[in-house]
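Participant: My questions all concern the structure below.
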Amino acid sequence: MNELLVPCLMLGAFLFCLGLYGALTRRKATVVLLSLLMMLNGAILNLVGFSRLGPTPSSSGQVFSLLAILVATATAVVGLSLLLALFRNKPTDDVQDMDELKD
Amino acid sequence: MPPEVLHYAWLTLLFPFASFLLLLAMGRQAKRSAAALSVSTACASWVIALLVLVGRHADPSPGYTWNNWTWLKAGSFTLSFGFEVTNLSAFFLLLVTSLSLLVVIYSCGGMMEEERYPAFLGYQALLLFSMLGLVLSPNLLQFYLFWELLGFAGFLLVGFRGEAPGVGLAAKRLFLASKLGDGALLVAILLLYASMPEAEVDFLTLQNVFPESGEAFLPGGVVTAAALLLVVAAIAKAAQLPFHLWLVASDRTPLPAAALLHTAATTAGGVYLLARTYPILLHSPIALQGLALVGACTALFGAIQAALSKGVGRLLAHSTVSQLGLVLIALGLGSYAGYAAGLAHLFTHAFSKALVLLAAGVIVQLAGTDDLRRLGQSGFAAQHPLAARTFTLGALALAGLPPLSGFWSWGAIAAEGLRPHPGLAAAALLTAGLTAFGMARALRLAFPAPALREGDRAGVPADSAAIPLLALAACAVLGGALLLPGDATGFGRWITGSGGASPSASGLALALVAVFSAAGFASGLALYRRGSRASDRFARLQALAEAEFGFAALSRAAAAALSGLARAAAAFERAVVQRLFVLAERSVNGLARLLARPQNGRVQTYGLLTLAGLVVLLLMYVGRRGWHVG
Amino acid sequence: MWDKLPLLSLLLASPLLGVLFLAVAPKGNGRLLQRMGMATSFLPLLFAGTAYVHYQGVVGTLQLAERYPWIRIPLERELLGASTYTLTFDYHLAADGLSLPLVFLTALVFAMASLASRQIKKRWKLFYIQLLLLETAVIGLLLARDLALFLLFLAFALVPMYFLVGIWGGADREKAASRFLVTAGMGVALIATAFLILIGTAGFTVEESTMAFRYSGDLDTIRMNLFTNPAAYVNYVDNPFTMTTGMRVSLFGLLVAGFGLLLPIVPFHRAAVRVQAEAASCISMIHSAVWMTMGAYGLLRFAFVLFPEQAKAAASSLAVLGLIGFLYGALVALAQRELRSFLAYANVSQMSLVLLGLTTFSTEGWTGAVLLLVSHGLISALLFLLIGSWGERAGSTELVRLAGLGSAYPFLTGVLLFASFAFAGLPGLAGFPGQLLIFIGIAKSHRGVAAAAVIGILLLAAVMLRTIQGLLFQKPREEHRGQGAGGGSRGDAALWEAVPIIVLTTLILLVGIYPGIVSQHVEKTIAGFTAHIQSSVEKGGD
């Protein structure tokens, strides 16, 4: 057990919370997307921390994090293109105005 | 006649009921068969009633009771139907069936032109049925059932010509007055039921609980309250002050039906209630005094009103009210002798009044008017001398002139009142004078020409009215024999079933009645001589009488108060209950809206809520470890 | 032959058979659908009549019982000595003297209402399906002996009633339907809460032979457990729940409030009034004759019989509530100008009289209440039927519009007169025996209330007089001249109107002339209830 693990996990948690806060409060859609990615990075930091500094270090955590980064990139692309499509219908990038789910 | 005939007294009830059902099922066209049916059933009832009376006369036992049909049973409460024949009920049975038989025969005449003739006869049969049921009831609850039916049948009859003006008002007044009577009787019965031993309310038990001598076996307050309620119920039904308006307003009722209401059915029902519950009344001096007081006021009031009436119908209605007041005075004297005198007066009055009413029916139909003065100008006497003569005879009997029947019963009442209650006797005598005056006036106004012209006898129509008129006339003349001075016939002893109850023979009272009624009659004749202007002198009084001396306004005010109360309740409903309900509904809707608010379509709100849910779950998970609940 | 058949299940399933047929019938063919609806609604009437004749009133016990296992949920719990531990609900139907007359009334009123449904002019298929579903639900809840089954039927009844009011009524029908749903739904929620608590506490039993522990919704188990408190299983060592006096009081309160919303008890009567004033007349028939009756049934069967001590303690205040409702309903009715709301308020008043009867805790009062429920069902159904017919003839049900039409429609006028007086309690007609018994009951328990309630009888008579006086005592108005039998727009009564009118009239007369045909079925059962309560209260006093 490495004493570096705790600060690493703390950093991950901090990143996650920051991202969560941003995702729930920011009004610009792109910023919300960025915050989501930041949450994801917090989680990935956990994976990396455990794979490197955990009780039984192994490379599987790093493989996972690579996969996660890949998927995150893909989702970011999809998210951005969704935003573009939405923007074509309704020229706004404010998430408060995107309330069509209600109906 | 063997006493077994009493076991079949219930048949008197069956005939009118069957006739009622059949008549209602008949079409409007079947007038002849309807008439035949109702005459034959009324006749059958009458024959049985006659046999029962004869059987009773031969039977020394106090009565025959059959009480075995369990109609309604729940827990300790059992309402058995049956019938009871005592001297009193046998007497009423015959009185009611005879009058109704004569009235039904009479109805075969002019009433045939009514469009709903079978229905009319049916209603009469219902009235007869309920009255007979009342008379034969062995217990108060069965009595109550028929008591209410009696009011309903009266309502149907009074409201029969529903579309004519004034009829609706009369019917409503009758219904509400009799409903008030029903309510009072119901409360009285409930009171007795709750306090009587073993919760029995049949008349036999009542007689035992309220013995003729000694204290009643119930607390004094209960006795007084029950007696007062019974009195209220009876005066509502018997059209006494202040409930007399229903009878007065019913002057547009078809006259045969009116004859029944005035004599045999509704009003007599009120008197019968008092007669039947007399043991209770005897234990409550307050109730007796109230009864006598109401009777005296009504007797005087009705006599004055009768002397001022414009139309025949109102005249006779007021006269009935007044004479029933007299009966109540007699009952209020509080002795069985007075009781016998009162019932005798009910009897004599019934026949005289029925006679006058039926004769008036013929006359009014011939003359086409109800107004006394216009009657006088129409010359009806020439067209139907029988009606004219019997009308005169009946009026004389009602006025209490000797030797007609009314005189004797009047004398008996005065004689009973003379010693213990001189005030009541004075009221009775004064009523006699006033009634005689009013009758003289009516005769003068209706027969301005020499009362009868001998030459016109050829024109007597041989119609259905002849038989009842003649029969009633005979009763009106001879009915007084029932109460010859000194109870020579034993009527008083027989009807009360006790030896010491003979109305006393008092030459003084008879002489006083004769003097008062003769004086009243003579002054009436003198005042309304031909061409006299007497009516103008009383114009103001007459105007007051038209307005019932304020009673009409009083009844209107009561109606207005009731509808005002109803409107107030409705306003309360709108202003408070409805508003509260709307408020409750809105608050439910508001809560729903409040709960639906987070569902606004924004992803961030949803995310926040999800986060909150997660936090709650985590807290629960953590909390469960710290705080073990098993 | 009937001994072999599951009569009550047949009764319960027979409307569903109609639903099945209707579901496959073509949608547009109104006549066919009407005929099918009417025909199938007579099937339950047949079975209900058979059951009614078959029932032995002298015994007064539960009869015709059918019981099959329905739901068994094993509970994940380790208890000492328990071989099994389950939540048990049975499909348990049985009839006693309280439910059977009401079941017959329900079947009758539904049959009559479907005959009267000629006034329905649209969406017949949906209408008849809903009607028959409602009938199943109501009959089911009257017969159910298991709380869960009862709840199922109760919740099931709510939905078709909502649609029946909301789709086929007058102008304001949707509002009325939503108010109905709010009020009745609240009632059902309260009842459900109380029942779930009951199942979880008093529903606990142990079968000694097999040591099978279970929670059940069986009414008799619950009644026995509540009755034999405190030695009962309610407080059995292994039962994690107990029943305190406070809990009993609040359960009683929940049940009274819940069923009181259905009855309705007076301050909560707005929804019922709205429904009866707005719904189509055949639906108003059902609401007044069946729905309100159901509230009274629940109040008696669950609130009063299960919690007699609490009910006795609350009797005086409930009696005052009933008295206020009785007088208030009649007074407000007196001020109405329109026949439907007239009758709606009069119904509220009559139901308050039933409540008064229930507060007497005597065989007289309770038998009277049941008799009054039956007679009120018959009479108010007849009255709503007649109001529907009059509304079609006069163009509206405003009293003013009816004035003077009496001579044009003598038959309908006569029957309206008959029904009005029957409602007011005229002797010889059905309303009288029930009212009399209730008054006899109150005279023993609350004397002052009895005297005051007599005023209500007078008011009710005045109300009924007002409804008919325009017909009886007024001249025809100009625009109505020539209407009616002579040669008007509509005849006196068409066959489809005359049949239910005559059937109901005959029954009203029959019950009025000899109330024994109902009371002999009711009386023994009720006497059983009161004896049970007597012993339970005495025990509580020790």
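Letters A, B, ... go to the chains of the structure tokens in the order shown; residues in each chain start at 1; ligands are counted from 1 in the same order.
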Give me, as a count of residues only, all polymer residues having an atom no more than 9 Å from Gln119 in chain C, counting only C-alpha atoms and skipping those fewer than 4 positions away in the same chain.

Facilitator: 6

Participant: Skip range 505-512 of chain C itself and residues of its chain fewer than 2 positions away, then list as a ChimeraX atom specification all residues within 10 Å of it, counting only C-alpha atoms.

Facilitator: /C:371,374-379,382,415,418-419,422,425-434,499-503,514-519

Participant: Write a file of the selected residues as a compact mmCIF listing (two decimals), in the first residue's frame, keeping C-alpha atoms.

Facilitator:
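Result file is selection_27.txt:
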```
# COMPACT_ATOMS: atom_id res chain seq x y z
CA LEU C 371 -83.56 -1.57 5.16
CA VAL C 374 -82.22 -1.03 0.18
CA SER C 375 -85.32 1.11 -0.04
CA HIS C 376 -83.33 4.24 -0.75
CA GLY C 377 -81.56 2.40 -3.53
CA LEU C 378 -84.82 1.38 -5.12
CA ILE C 379 -86.48 4.75 -4.68
CA LEU C 382 -86.57 5.21 -9.71
CA VAL C 415 -95.08 7.58 -10.70
CA PHE C 418 -95.42 7.82 -5.87
CA ALA C 419 -91.63 7.87 -5.78
CA ALA C 422 -91.95 6.86 -0.99
CA GLY C 425 -91.28 7.73 3.98
CA LEU C 426 -94.97 7.29 3.33
CA PRO C 427 -96.26 4.19 5.12
CA GLY C 428 -97.09 1.34 2.84
CA LEU C 429 -94.10 2.15 0.63
CA ALA C 430 -90.53 1.00 0.98
CA GLY C 431 -89.07 4.06 2.70
CA PHE C 432 -91.19 3.77 5.81
CA PRO C 433 -90.02 0.63 7.66
CA GLY C 434 -86.36 1.61 7.52
CA VAL C 499 -90.40 -1.63 -17.81
CA PRO C 500 -87.83 -0.43 -15.25
CA ILE C 501 -90.36 2.00 -13.81
CA ILE C 502 -92.87 -0.76 -13.27
CA VAL C 503 -90.31 -3.18 -11.87
CA TYR C 514 -94.34 -6.45 3.73
CA PRO C 515 -90.82 -5.36 4.74
CA GLY C 516 -90.24 -8.86 6.07
CA ILE C 517 -88.98 -9.97 2.67
CA VAL C 518 -85.88 -7.89 3.32
CA SER C 519 -85.75 -7.70 7.08
```

Participant: Residues of chain B were defined as contacting chain C if any atom lay at most 7 Å from it, counting only C-alpha atoms; please report them as a list in words.

Facilitator: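 The answer, sorted by residue number, is Trp71, Leu72, Ala74, Gly75, Phe77, Leu145, Glu148, Leu149, Gly162, Glu163, Gly168, Lys179, Leu180, Gly183, Val187, Leu190, Ala194, Ser563, Ala566, Arg567, Ala569, Ala570, Val577, Gln578 and Phe581 of chain B.
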
Participant: Store the residues of this selection in a file with C-alpha atoms, as an mmCIF file, in the first residue's frame.

Facilitator:
```cif
data_model
loop_
_atom_site.group_PDB
_atom_site.id
_atom_site.type_symbol
_atom_site.label_atom_id
_atom_site.label_comp_id
_atom_site.auth_asym_id
_atom_site.auth_seq_id
_atom_site.Cartn_x
_atom_site.Cartn_y
_atom_site.Cartn_z
ATOM 1 C CA TRP B 71 -94.917 -7.111 10.117
ATOM 2 C CA LEU B 72 -91.482 -5.977 11.103
ATOM 3 C CA ALA B 74 -85.641 -6.367 14.599
ATOM 4 C CA GLY B 75 -83.994 -7.159 17.867
ATOM 5 C CA PHE B 77 -88.597 -4.420 18.523
ATOM 6 C CA LEU B 145 -98.897 4.225 9.918
ATOM 7 C CA GLU B 148 -99.803 9.248 7.947
ATOM 8 C CA LEU B 149 -101.693 7.544 5.150
ATOM 9 C CA GLY B 162 -104.914 20.428 -9.220
ATOM 10 C CA GLU B 163 -104.909 23.008 -11.947
ATOM 11 C CA GLY B 168 -102.375 23.718 -4.745
ATOM 12 C CA LYS B 179 -97.157 16.259 8.504
ATOM 13 C CA LEU B 180 -96.694 18.429 11.573
ATOM 14 C CA GLY B 183 -94.189 14.570 13.573
ATOM 15 C CA VAL B 187 -92.205 12.007 18.864
ATOM 16 C CA LEU B 190 -90.994 7.393 20.495
ATOM 17 C CA ALA B 194 -88.533 4.556 25.158
ATOM 18 C CA SER B 563 -87.809 29.016 2.547
ATOM 19 C CA ALA B 566 -83.507 26.913 3.166
ATOM 20 C CA ARG B 567 -82.005 29.729 1.129
ATOM 21 C CA ALA B 569 -78.538 26.940 4.072
ATOM 22 C CA ALA B 570 -78.024 26.954 0.322
ATOM 23 C CA VAL B 577 -68.855 24.177 1.870
ATOM 24 C CA GLN B 578 -68.365 24.587 -1.834
ATOM 25 C CA PHE B 581 -64.255 21.799 -1.265
#
```

Participant: I need the chain B residues near chain A as a VMD selection string; criterion: at most 8 Å, counting only C-alpha atoms.

Facilitator: chain B and resid 599 to 605 607 to 608

Participant: Got time to write the residues from that selection, all heavy atoms, as a PDB file, in the first residue's frame?

Facilitator:
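Heads up, here's the output in result-v3.pdb:
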```pdb
ATOM      1  N   GLN B 599     -40.102  18.025 -12.894  1.00  0.00           N
ATOM      2  CA  GLN B 599     -40.110  17.368 -14.207  1.00  0.00           C
ATOM      3  C   GLN B 599     -40.227  18.449 -15.277  1.00  0.00           C
ATOM      4  O   GLN B 599     -41.248  18.608 -15.917  1.00  0.00           O
ATOM      5  CB  GLN B 599     -41.290  16.403 -14.282  1.00  0.00           C
ATOM      6  CG  GLN B 599     -41.166  15.429 -15.427  1.00  0.00           C
ATOM      7  CD  GLN B 599     -42.487  14.775 -15.720  1.00  0.00           C
ATOM      8  OE1 GLN B 599     -43.419  14.888 -14.945  1.00  0.00           O
ATOM      9  NE2 GLN B 599     -42.584  14.105 -16.842  1.00  0.00           N
ATOM     10  N   ASN B 600     -39.127  19.216 -15.475  1.00  0.00           N
ATOM     11  CA  ASN B 600     -39.216  20.369 -16.363  1.00  0.00           C
ATOM     12  C   ASN B 600     -38.478  20.159 -17.666  1.00  0.00           C
ATOM     13  O   ASN B 600     -38.337  21.056 -18.470  1.00  0.00           O
ATOM     14  CB  ASN B 600     -38.691  21.617 -15.646  1.00  0.00           C
ATOM     15  CG  ASN B 600     -37.275  21.416 -15.158  1.00  0.00           C
ATOM     16  OD1 ASN B 600     -36.661  20.376 -15.452  1.00  0.00           O
ATOM     17  ND2 ASN B 600     -36.760  22.371 -14.453  1.00  0.00           N
ATOM     18  N   GLY B 601     -37.999  18.955 -17.868  1.00  0.00           N
ATOM     19  CA  GLY B 601     -37.369  18.676 -19.156  1.00  0.00           C
ATOM     20  C   GLY B 601     -35.901  19.021 -19.208  1.00  0.00           C
ATOM     21  O   GLY B 601     -35.233  18.787 -20.208  1.00  0.00           O
ATOM     22  N   ARG B 602     -35.352  19.618 -18.139  1.00  0.00           N
ATOM     23  CA  ARG B 602     -33.951  20.023 -18.191  1.00  0.00           C
ATOM     24  C   ARG B 602     -33.090  18.921 -17.606  1.00  0.00           C
ATOM     25  O   ARG B 602     -33.328  18.451 -16.490  1.00  0.00           O
ATOM     26  CB  ARG B 602     -33.738  21.308 -17.405  1.00  0.00           C
ATOM     27  CG  ARG B 602     -34.401  22.453 -18.119  1.00  0.00           C
ATOM     28  CD  ARG B 602     -34.276  23.698 -17.308  1.00  0.00           C
ATOM     29  NE  ARG B 602     -35.187  24.688 -17.866  1.00  0.00           N
ATOM     30  CZ  ARG B 602     -35.705  25.660 -17.175  1.00  0.00           C
ATOM     31  NH1 ARG B 602     -35.419  25.786 -15.896  1.00  0.00           N
ATOM     32  NH2 ARG B 602     -36.501  26.521 -17.749  1.00  0.00           N
ATOM     33  N   VAL B 603     -32.097  18.560 -18.335  1.00  0.00           N
ATOM     34  CA  VAL B 603     -31.265  17.435 -17.948  1.00  0.00           C
ATOM     35  C   VAL B 603     -30.595  17.696 -16.606  1.00  0.00           C
ATOM     36  O   VAL B 603     -30.439  16.788 -15.782  1.00  0.00           O
ATOM     37  CB  VAL B 603     -30.185  17.184 -19.013  1.00  0.00           C
ATOM     38  CG1 VAL B 603     -29.492  15.876 -18.749  1.00  0.00           C
ATOM     39  CG2 VAL B 603     -30.788  17.220 -20.381  1.00  0.00           C
ATOM     40  N   GLN B 604     -30.268  18.947 -16.392  1.00  0.00           N
ATOM     41  CA  GLN B 604     -29.519  19.248 -15.169  1.00  0.00           C
ATOM     42  C   GLN B 604     -30.368  19.024 -13.922  1.00  0.00           C
ATOM     43  O   GLN B 604     -29.887  18.508 -12.911  1.00  0.00           O
ATOM     44  CB  GLN B 604     -29.016  20.679 -15.221  1.00  0.00           C
ATOM     45  CG  GLN B 604     -27.895  20.808 -16.229  1.00  0.00           C
ATOM     46  CD  GLN B 604     -27.343  22.204 -16.271  1.00  0.00           C
ATOM     47  OE1 GLN B 604     -28.091  23.169 -16.159  1.00  0.00           O
ATOM     48  NE2 GLN B 604     -26.038  22.320 -16.456  1.00  0.00           N
ATOM     49  N   THR B 605     -31.689  19.377 -13.996  1.00  0.00           N
ATOM     50  CA  THR B 605     -32.558  19.131 -12.851  1.00  0.00           C
ATOM     51  C   THR B 605     -32.645  17.645 -12.570  1.00  0.00           C
ATOM     52  O   THR B 605     -32.587  17.210 -11.417  1.00  0.00           O
ATOM     53  CB  THR B 605     -33.953  19.684 -13.143  1.00  0.00           C
ATOM     54  OG1 THR B 605     -33.818  20.909 -13.826  1.00  0.00           O
ATOM     55  CG2 THR B 605     -34.733  19.859 -11.872  1.00  0.00           C
ATOM     56  N   GLY B 607     -30.533  15.410 -13.287  1.00  0.00           N
ATOM     57  CA  GLY B 607     -29.267  14.958 -12.735  1.00  0.00           C
ATOM     58  C   GLY B 607     -29.149  15.282 -11.260  1.00  0.00           C
ATOM     59  O   GLY B 607     -28.750  14.445 -10.442  1.00  0.00           O
ATOM     60  N   LEU B 608     -29.597  16.494 -10.910  1.00  0.00           N
ATOM     61  CA  LEU B 608     -29.543  16.913  -9.517  1.00  0.00           C
ATOM     62  C   LEU B 608     -30.390  15.987  -8.649  1.00  0.00           C
ATOM     63  O   LEU B 608     -29.978  15.554  -7.573  1.00  0.00           O
ATOM     64  CB  LEU B 608     -30.037  18.350  -9.408  1.00  0.00           C
ATOM     65  CG  LEU B 608     -29.706  19.074  -8.118  1.00  0.00           C
ATOM     66  CD1 LEU B 608     -28.210  19.194  -7.969  1.00  0.00           C
ATOM     67  CD2 LEU B 608     -30.355  20.437  -8.107  1.00  0.00           C
TER      68      LEU B 608
END
```

Participant: Quick one: pick out all alpha helix (DSSP H) residues within range 318-509 of chain C from a backbone DSSP run and write them as a PyMOL selection string.

Facilitator: chain C and resi 318-334+339-358+363-394+399-402+410-423+431-445+447-473+495-509

Participant: Pro118 in chain B: which residues within 8 Å, counting only C-alpha atoms, same-chain residues fewer than 6 positions away excluded, as a list in words?

Facilitator: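 Answer for this query is Leu23, Leu24, Met26, Gly27, Arg28, Ala30, Lys31, Ala34 and Ala35 of chain B.
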
Participant: Considering only C-alpha atoms, return as a ChimeraX atom specification whatever protein or nucleic-acid residues lie within 7 Å of Gly438 in chain B, sequence-local ones (same chain, fewer than 3 positions apart) excluded.

Facilitator: /B:306-307,434-435,441-442,524
